[in-house]
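File shown: my_file30.cif (mmCIF, C-alpha atoms and all ligand atoms).
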```
data_work
loop_
_atom_site.label_atom_id
_atom_site.label_comp_id
_atom_site.auth_asym_id
_atom_site.auth_seq_id
_atom_site.Cartn_x
_atom_site.Cartn_y
_atom_site.Cartn_z
CA MET C 1 121.79 152.63 209.37
CA SER C 2 121.07 148.94 209.23
CA LYS C 3 123.33 146.73 211.26
CA LYS C 4 125.83 144.60 209.37
CA LEU C 5 124.34 141.31 208.25
CA PRO C 6 126.24 138.09 207.82
CA GLU C 7 127.15 137.38 204.21
CA PHE C 8 125.11 135.29 201.74
CA GLY C 9 121.80 136.65 203.05
CA THR C 10 121.69 134.46 206.13
CA ILE C 11 119.79 136.24 208.89
CA ASN C 12 119.88 134.94 212.42
CA VAL C 13 116.82 136.36 214.16
CA PRO C 14 117.54 136.85 217.87
CA HIS C 15 115.18 134.90 220.10
CA GLU C 16 113.57 137.99 221.63
CA ARG C 17 112.67 139.29 218.16
CA ALA C 18 111.22 136.04 216.84
CA VAL C 19 107.45 136.04 216.17
CA PRO C 20 104.99 133.18 215.56
CA PHE C 21 104.42 132.19 211.94
CA GLY C 22 101.89 134.53 210.31
CA ALA C 23 102.19 137.23 212.96
CA VAL C 24 101.45 140.87 212.13
CA THR C 25 104.59 142.94 212.74
CA PRO C 26 105.05 146.72 212.87
CA ALA C 27 106.32 148.51 209.76
CA PRO C 28 110.07 148.15 209.28
CA VAL C 29 112.13 150.74 211.07
CA HIS C 30 115.44 150.02 209.38
CA VAL C 31 116.42 150.06 205.75
CA GLN C 32 118.13 146.83 204.75
CA GLU C 33 120.72 147.79 202.14
CA LEU C 34 120.89 144.17 201.06
CA PHE C 35 117.29 144.32 199.85
CA MET C 36 117.35 147.65 198.04
CA THR C 37 115.97 147.26 194.53
CA SER C 38 117.22 150.49 192.94
CA ASN C 39 119.76 148.55 190.89
CA TRP C 40 116.96 146.72 189.07
CA ARG C 41 116.16 149.94 187.21
CA ILE C 42 116.98 150.57 183.56
CA VAL C 43 114.72 153.63 183.55
CA ARG C 44 113.31 155.75 186.35
CA PRO C 45 109.98 157.61 186.48
CA VAL C 46 110.46 161.39 186.39
CA ILE C 47 107.55 163.57 187.47
CA ASP C 48 106.33 166.76 185.85
CA ASN C 49 104.80 168.66 188.76
CA GLU C 50 102.92 170.98 186.39
CA LYS C 51 101.01 168.07 184.89
CA CYS C 52 100.59 166.13 188.14
CA THR C 53 97.15 166.57 189.73
CA ARG C 54 98.09 164.79 193.00
CA CYS C 55 95.48 162.14 192.26
CA LEU C 56 97.61 159.57 194.14
CA THR C 57 97.12 156.87 191.49
CA CYS C 58 100.88 156.26 191.46
CA TYR C 59 100.83 155.88 195.24
CA ILE C 60 98.24 153.13 194.92
CA ALA C 61 99.75 151.53 191.81
CA CYS C 62 103.37 151.17 192.87
CA PRO C 63 103.98 147.61 194.09
CA ASP C 64 106.78 148.85 196.32
CA SER C 65 105.11 151.95 197.80
CA CYS C 66 107.70 154.23 196.27
CA TRP C 67 105.41 157.23 195.80
CA SER C 68 104.18 159.24 198.76
CA TYR C 69 102.38 162.53 199.11
CA ASN C 70 104.19 165.36 200.85
CA GLU C 71 101.31 167.34 202.28
CA GLU C 72 103.34 170.33 203.41
CA GLU C 73 104.83 171.02 199.99
CA ASP C 74 101.94 169.52 198.04
CA VAL C 75 104.13 167.33 195.84
CA MET C 76 104.56 163.63 195.19
CA GLU C 77 107.83 162.20 196.47
CA TRP C 78 109.70 159.29 194.90
CA ASN C 79 111.82 156.75 196.76
CA ALA C 80 114.96 156.31 194.65
CA GLY C 81 116.36 153.55 196.84
CA PHE C 82 113.53 151.08 196.30
CA CYS C 83 111.98 151.97 192.93
CA LYS C 84 112.73 149.00 190.68
CA GLY C 85 111.83 150.71 187.42
CA CYS C 86 108.83 148.53 186.59
CA GLN C 87 107.06 151.52 184.98
CA ILE C 88 103.63 150.59 186.35
CA CYS C 89 103.19 154.10 187.77
CA ILE C 90 104.08 155.60 184.39
CA LYS C 91 101.47 153.45 182.62
CA GLN C 92 98.81 154.17 185.26
CA CYS C 93 99.23 157.94 185.68
CA PRO C 94 96.06 159.45 184.19
CA SER C 95 97.66 162.85 183.59
CA ASP C 96 100.75 161.80 181.66
CA ALA C 97 102.86 163.39 184.37
CA LEU C 98 105.40 160.56 184.60
CA THR C 99 108.06 159.83 181.99
CA ALA C 100 110.57 156.97 181.76
CA VAL C 101 114.11 158.38 181.64
CA PRO C 102 117.21 156.15 181.31
CA GLU C 103 118.86 155.67 184.69
CA LEU C 104 122.25 156.27 183.08
CA ASP C 105 121.25 159.89 182.36
CA PHE C 106 121.65 160.55 186.10
CA PRO C 107 124.98 160.46 187.94
CA ASP C 108 123.51 159.00 191.14
CA GLY C 109 120.31 157.72 192.78
CA VAL C 110 121.15 154.01 192.72
CA VAL C 111 122.42 152.13 195.76
CA ARG C 112 125.50 150.26 194.54
CA LEU C 113 125.62 146.76 195.96
CA GLU C 114 128.52 144.32 196.20
CA LYS C 115 126.49 141.32 195.09
CA PRO C 116 123.06 140.58 193.58
CA PHE C 117 120.27 139.08 195.62
CA MET B 1 146.49 122.50 187.14
CA ALA B 2 146.48 124.46 183.94
CA LYS B 3 145.48 128.10 183.95
CA ILE B 4 141.76 128.66 183.77
CA HIS B 5 140.35 131.80 182.21
CA GLU B 6 137.04 132.91 183.68
CA ILE B 7 134.37 135.01 181.98
CA THR B 8 131.38 136.31 183.93
CA VAL B 9 128.36 137.63 182.02
CA TRP B 10 125.93 140.00 183.76
CA THR B 11 122.38 140.33 182.50
CA ARG B 12 118.87 141.01 183.80
CA GLY B 13 116.33 138.42 184.87
CA VAL B 14 113.58 137.29 182.46
CA ILE B 15 113.72 140.14 179.91
CA MET B 16 117.35 139.48 178.99
CA ASP B 17 118.07 136.19 180.67
CA LYS B 18 118.21 134.27 177.41
CA GLU B 19 120.59 136.84 175.94
CA GLY B 20 122.98 136.31 178.83
CA ARG B 21 122.69 132.56 178.45
CA ASP B 22 123.32 132.85 174.69
CA ILE B 23 126.42 134.96 175.25
CA ALA B 24 127.92 132.42 177.63
CA SER B 25 126.98 129.29 175.71
CA ALA B 26 127.73 130.59 172.19
CA PHE B 27 131.11 131.92 173.24
CA GLY B 28 131.90 128.75 175.18
CA ASP B 29 130.88 126.57 172.21
CA ALA B 30 133.08 128.59 169.83
CA VAL B 31 136.10 128.22 172.12
CA ALA B 32 135.42 124.49 172.48
CA MET B 33 135.55 124.16 168.69
CA GLU B 34 139.27 124.97 168.96
CA GLY B 35 139.76 121.93 171.16
CA LYS B 36 139.85 123.82 174.44
CA HIS B 37 138.13 122.63 177.59
CA VAL B 38 135.11 124.73 178.49
CA GLN B 39 132.53 124.90 181.24
CA VAL B 40 129.42 127.08 181.04
CA PHE B 41 127.10 127.58 183.99
CA ASP B 42 123.79 129.38 184.06
CA ASN B 43 122.10 131.31 186.84
CA TYR B 44 123.86 130.05 189.87
CA GLU B 45 123.27 132.07 193.11
CA ASP B 46 121.07 134.74 191.49
CA LEU B 47 117.33 135.15 190.83
CA PRO B 48 116.80 134.83 187.06
CA ASP B 49 113.06 134.40 187.39
CA ARG B 50 112.52 137.96 188.63
CA VAL B 51 112.14 140.67 186.01
CA LEU B 52 115.13 143.07 185.83
CA VAL B 53 117.14 141.49 188.64
CA THR B 54 120.88 141.27 187.97
CA THR B 55 121.92 137.71 187.18
CA ARG B 56 125.18 136.11 186.14
CA LYS B 57 126.31 133.40 183.73
CA TYR B 58 129.75 131.88 183.89
CA VAL B 59 132.25 130.56 181.35
CA ARG B 60 135.54 128.83 182.10
CA ILE B 61 138.20 128.06 179.53
CA SER B 62 141.35 125.99 179.85
CA ASP B 63 143.88 124.16 177.69
CA GLU B 64 143.57 121.14 179.94
CA GLU B 65 140.63 119.41 181.51
CA ILE B 66 139.00 121.56 184.17
CA GLU B 67 138.95 119.36 187.21
CA HIS B 68 136.73 121.23 189.60
CA LYS B 69 133.10 120.74 188.72
CA TYR B 70 131.20 121.60 191.83
CA VAL B 71 131.74 125.34 192.17
CA TYR B 72 129.56 127.14 189.66
CA THR B 73 130.61 130.74 190.24
CA ASN B 74 133.71 132.55 188.98
CA ASP B 75 135.61 134.05 191.89
CA HIS B 76 138.28 135.78 189.81
CA PRO B 77 137.09 136.58 186.30
CA ASP B 78 139.55 137.71 183.60
CA VAL B 79 136.69 139.15 181.56
CA VAL B 80 133.41 140.67 182.74
CA VAL B 81 130.66 141.17 180.16
CA VAL B 82 127.72 143.46 180.94
CA ALA B 83 124.75 142.89 178.64
CA GLU B 84 122.72 145.82 180.04
CA PRO B 85 124.80 148.91 180.83
CA THR B 86 122.80 150.25 183.80
CA ILE B 87 124.05 147.23 185.76
CA VAL B 88 127.46 148.89 186.25
CA LYS B 89 125.77 151.68 188.18
CA GLY B 90 124.10 149.38 190.67
CA ILE B 91 126.57 146.63 191.33
CA ASN B 92 130.29 146.14 191.71
CA VAL B 93 130.74 144.00 188.62
CA LEU B 94 134.53 144.15 189.04
CA LYS B 95 134.44 142.27 192.34
CA GLY B 96 137.16 139.64 192.27
CA LEU B 97 138.38 140.76 188.82
CA LYS B 98 141.92 139.61 188.07
CA GLU B 99 144.43 142.44 188.12
CA GLY B 100 144.39 144.14 184.73
CA GLY B 101 141.17 142.40 183.65
CA LEU B 102 138.78 143.40 180.89
CA LEU B 103 135.26 144.84 181.07
CA ILE B 104 132.96 144.72 178.03
CA ILE B 105 129.73 146.74 178.12
CA ASN B 106 126.81 146.77 175.70
CA THR B 107 126.24 150.50 175.33
CA ASN B 108 126.26 153.31 172.80
CA ARG B 109 127.53 155.77 175.38
CA PRO B 110 131.18 156.89 175.30
CA ILE B 111 133.66 154.92 177.41
CA ASP B 112 134.54 158.04 179.44
CA TYR B 113 130.87 158.55 180.29
CA MET B 114 130.52 154.95 181.51
CA LEU B 115 133.64 155.23 183.68
CA GLN B 116 131.88 157.72 186.00
CA PHE B 117 129.69 154.86 187.21
CA ILE B 118 132.62 152.56 188.00
CA PRO B 119 134.38 153.98 191.07
CA ASN B 120 136.89 151.11 191.10
CA ALA B 121 137.75 151.41 187.40
CA ASP B 122 141.43 151.65 188.36
CA GLU B 123 141.33 147.85 188.78
CA LEU B 124 140.69 147.53 185.06
CA GLY B 125 143.27 146.72 182.45
CA ALA B 126 140.97 147.61 179.59
CA ILE B 127 137.36 148.50 178.86
CA ALA B 128 135.44 147.86 175.66
CA THR B 129 132.01 148.94 174.48
CA VAL B 130 129.78 147.63 171.73
CA ASP B 131 126.37 149.03 170.77
CA ALA B 132 124.65 145.67 170.58
CA ASP B 133 121.18 147.19 171.03
CA GLY B 134 121.84 149.50 168.08
CA ILE B 135 123.23 146.69 165.93
CA SER B 136 120.61 144.03 166.57
CA GLY B 137 117.72 146.37 167.25
CA VAL B 138 116.09 143.71 169.42
CA ARG B 139 116.11 142.56 172.94
CA THR B 140 114.49 139.22 173.54
CA ILE B 141 111.35 139.76 175.54
CA ASP B 142 109.34 136.70 176.39
CA PHE B 143 107.10 136.19 179.37
CA SER B 144 105.94 132.74 178.32
CA GLY B 145 107.75 131.15 181.22
CA SER B 146 110.47 129.82 178.98
CA GLU B 147 112.26 133.18 179.25
CA GLY B 148 112.80 133.21 175.53
CA GLY B 149 114.53 129.88 175.64
CA VAL B 150 112.34 128.10 173.09
CA ASP B 151 114.16 126.18 170.37
CA ALA B 152 112.58 128.13 167.52
CA VAL B 153 114.24 131.35 168.71
CA GLY B 154 117.69 129.89 168.13
CA VAL B 155 120.95 130.95 169.75
CA GLY B 156 122.35 134.41 169.17
CA ALA B 157 119.40 136.02 167.40
CA GLY B 158 119.41 139.17 169.53
CA ILE B 159 122.01 141.29 171.32
CA ALA B 160 124.08 138.20 172.15
CA ALA B 161 125.40 138.07 168.57
CA PRO B 162 127.17 141.47 168.47
CA ILE B 163 128.37 140.96 172.04
CA VAL B 164 130.07 137.63 171.32
CA GLY B 165 131.58 139.19 168.18
CA ALA B 166 133.03 141.99 170.30
CA MET B 167 134.29 139.46 172.87
CA ALA B 168 136.04 137.44 170.15
CA ARG B 169 137.75 140.54 168.77
CA VAL B 170 139.09 141.99 172.01
CA THR B 171 139.96 138.78 173.85
CA GLY B 172 141.14 136.71 170.91
CA MET B 173 139.79 133.70 172.83
CA ALA B 174 137.32 132.58 170.16
CA LYS B 175 137.39 132.67 166.37
CA LYS B 176 134.86 134.70 164.43
CA GLU B 177 134.54 131.83 161.93
CA ASN B 178 133.50 129.46 164.69
CA LEU B 179 130.99 131.92 166.14
CA ALA B 180 129.49 132.26 162.66
CA LYS B 181 128.61 128.55 162.79
CA ILE B 182 126.81 129.01 166.11
CA VAL B 183 124.91 132.32 166.18
CA LYS B 184 121.78 132.95 164.16
CA ASP B 185 122.53 136.60 163.42
CA VAL B 186 125.93 136.22 161.73
CA ALA B 187 125.87 139.75 160.28
CA GLY B 188 125.18 141.20 163.75
CA MET B 189 128.02 139.16 165.21
CA GLU B 190 130.40 140.49 162.55
CA ARG B 191 129.31 144.06 163.16
CA GLY B 192 130.00 143.60 166.87
CA TYR B 193 133.43 142.23 165.93
CA ASN B 194 134.17 145.21 163.70
CA GLU B 195 132.57 148.00 165.70
CA VAL B 196 133.77 147.27 169.25
CA LYS B 197 135.63 150.15 170.88
CA LEU B 198 138.54 149.39 173.19
CA GLN B 199 140.41 151.55 175.66
CA LYS B 200 143.47 150.07 177.34
CA PHE B 201 144.89 151.36 180.58
CA ARG B 202 148.53 151.43 181.58
CA LYS B 203 147.94 148.66 184.07
CA PHE B 204 146.75 146.30 181.40
CA LYS B 205 148.34 142.87 181.64
CA SER B 206 147.58 140.49 178.88
CA SER B 207 146.58 137.29 180.54
CA LEU B 208 144.45 136.61 177.49
CA GLY B 209 146.96 136.73 174.70
CA SER B 210 146.79 139.72 172.40
CA LEU B 211 143.94 142.15 172.80
CA GLN B 212 142.86 143.94 169.67
CA GLY B 213 140.38 146.59 168.75
S1 LIG D 1 99.41 159.27 189.14
FE1 LIG D 1 100.29 160.96 187.97
S2 LIG D 1 98.93 162.68 188.32
FE2 LIG D 1 98.45 161.14 189.87
S3 LIG D 1 99.70 161.76 191.64
FE3 LIG D 1 100.91 160.26 190.48
S4 LIG D 1 102.15 161.49 189.07
FE4 LIG D 1 100.55 162.83 189.86
S1 LIG D 2 108.58 152.39 188.35
FE1 LIG D 2 107.52 150.76 189.50
S2 LIG D 2 108.69 150.62 191.42
FE2 LIG D 2 109.24 152.58 190.48
S3 LIG D 2 107.85 154.07 191.40
FE3 LIG D 2 106.90 153.35 189.47
S4 LIG D 2 105.56 151.67 190.07
FE4 LIG D 2 106.97 152.03 191.77
#
```

As structure tokens:
Amino acid sequence: MSKKLPEFGTINVPHERAVPFGAVTPAPVHVQELFMTSNWRIVRPVIDNEKCTRCLTCYIACPDSCWSYNEEEDVMEWNAGFCKGCQICIKQCPSDALTAVPELDFPDGVVRLEKPF
Amino acid sequence: MAKIHEITVWTRGVIMDKEGRDIASAFGDAVAMEGKHVQVFDNYEDLPDRVLVTTRKYVRISDEEIEHKYVYTNDHPDVVVVAEPTIVKGINVLKGLKEGGLLIINTNRPIDYMLQFIPNADELGAIATVDADGISGVRTIDFSGSEGGVDAVGVGAGIAAPIVGAMARVTGMAKKENLAKIVKDVAGMERGYNEVKLQKFRKFKSSLGSLQG
């Protein structure tokens, strides 16, 4: 769980965690609830595993890296918390395996925030 | 200081930003035509230039001059208008709502279905729905950089028209006749006025005069 941030998006970076401008940092290890984009969605991409050829085009196309390949189960996995519903993956999928379905057809899957960002 | 009624309009950045702006400004203009004092603010605090991001517009209405001019957000809205229904699933649009306040959603889904997405619906006095997408059949989409705000488009040509009609009917704060002088799609506005569905809860306190629907 991410630690509680001060309100209004102000982040005080502790001195020992500060890096020089332009530094390369490791991949994030925490999920910042404040920056979750699931509530941008009007529709979500739903996958048809029969049609999907695991070509990984969606993995490459998604601007927010929301598709990943689960090698063990041989399926594509979707990150509901960060998908913003831009539909790029749906347009790019060469096998017509992704469909846009209204987010309101599902009871959950969206992180409900207290304020926009 | 006289009582100030606050209306907060929720919409989505770029694709529906103009619609949100039209709702706030057309409704505010119609109320002002009755000699009331009105403030309308656009886009404060949020990110309207990002596609799909939730953004707010604010209206304030009072019988007397509204003296504070430097706070642009509504802390305690009487009415919350949601121009794109999925927003209620992802954000607490009722935050700060006055006890017994009113929520108006643009949707063709039943009120009971929408309530499942609003865990704090017990704060509501009433909820109303209007199928503005169905009535107007358009959603302003414009990536020209002006976000649909070019003069030629006019005010209230899309979903804003039925929504302001619905707002006028259930809040009684603006007159349909005045809205008809402001919005481009007068027929759509009237359909919103006539077709809005309202469900009142026991808690409902009329801070807005008589609610109808
Ligand atoms: S782009 Fe389509 S076919 Fe390719 S992995 Fe993604 S869903 Fe499957
Ligand atoms: S809709 Fe957009 S954000 Fe969501 S998975 Fe597809 S490409 Fe990524």

(request) Would you kindly report the residues of chain C within 9 Å of chain B, using only C-alpha atoms, as a list in words? (result)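 The complete set of qualifying residues is Thr37, Ser38, Asn39, Trp40, Arg41, Ile42, Val43, Lys84, Gly85, Cys86, Pro102, Glu103, Leu104, Pro107, Asp108, Val110, Val111, Arg112, Leu113, Glu114, Lys115, Pro116 and Phe117 of chain C.
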
(request) Could the residues that lie within 12 Å of ligand LIG 2 (chain D), counting only C-alpha atoms and all ligand atoms, be listed as a PyMOL selection string? (result) (chain C and resi 36-47+56-68+76-93+97-103) or (chain B and resi 51-52)

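Closest approach to ligand LIG 1 (chain D) among C:Val75, C:Ala27, C:Val13, C:Leu34 is made by C:Val75 (distances from all atoms listed in the file).
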
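We find CA of Ala30 (chain B) and CA of Ile61 (chain B) to be spaced 11.0 Å apart.
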
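Reported to one decimal place, the separation of CA of Phe35 (chain C) from CA of Phe21 (chain C) is 21.4 Å.
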
(message) Taking 6 positions as the minimum chain separation for residues in the same chain, which residues sit within 9 Å of Val40 (chain B) when counting only C-alpha atoms? Answer as a list in words.
(response)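 Residues meeting the cut-off are Ala24, Ser25, Gly28, Asp29, Lys57, Tyr58, Val59, Arg60, Ile61 and Tyr72 of chain B.
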
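Of the listed residues (C:Pro26, C:Pro94, C:Pro20, C:Pro14), C:Pro94 comes nearest to ligand LIG 1 (chain D); the distances count only C-alpha atoms and all ligand atoms.
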
(message) My list of candidates is B:Asp185, B:Asn178, B:Leu115, B:Glu67. Which is closest to Ser136 (chain B) when distances are computed with all atoms listed in the file?
(response)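 For Ser136 (chain B), the nearest of the given residues is B:Asp185.
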
(request) Can you work out the spacing between CA of Lys181 (chain B) and CA of Asn108 (chain B) in Å, to one decimal? (result)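 Computing the Euclidean distance for CA of Lys181 (chain B) and CA of Asn108 (chain B) yields 26.8 Å.
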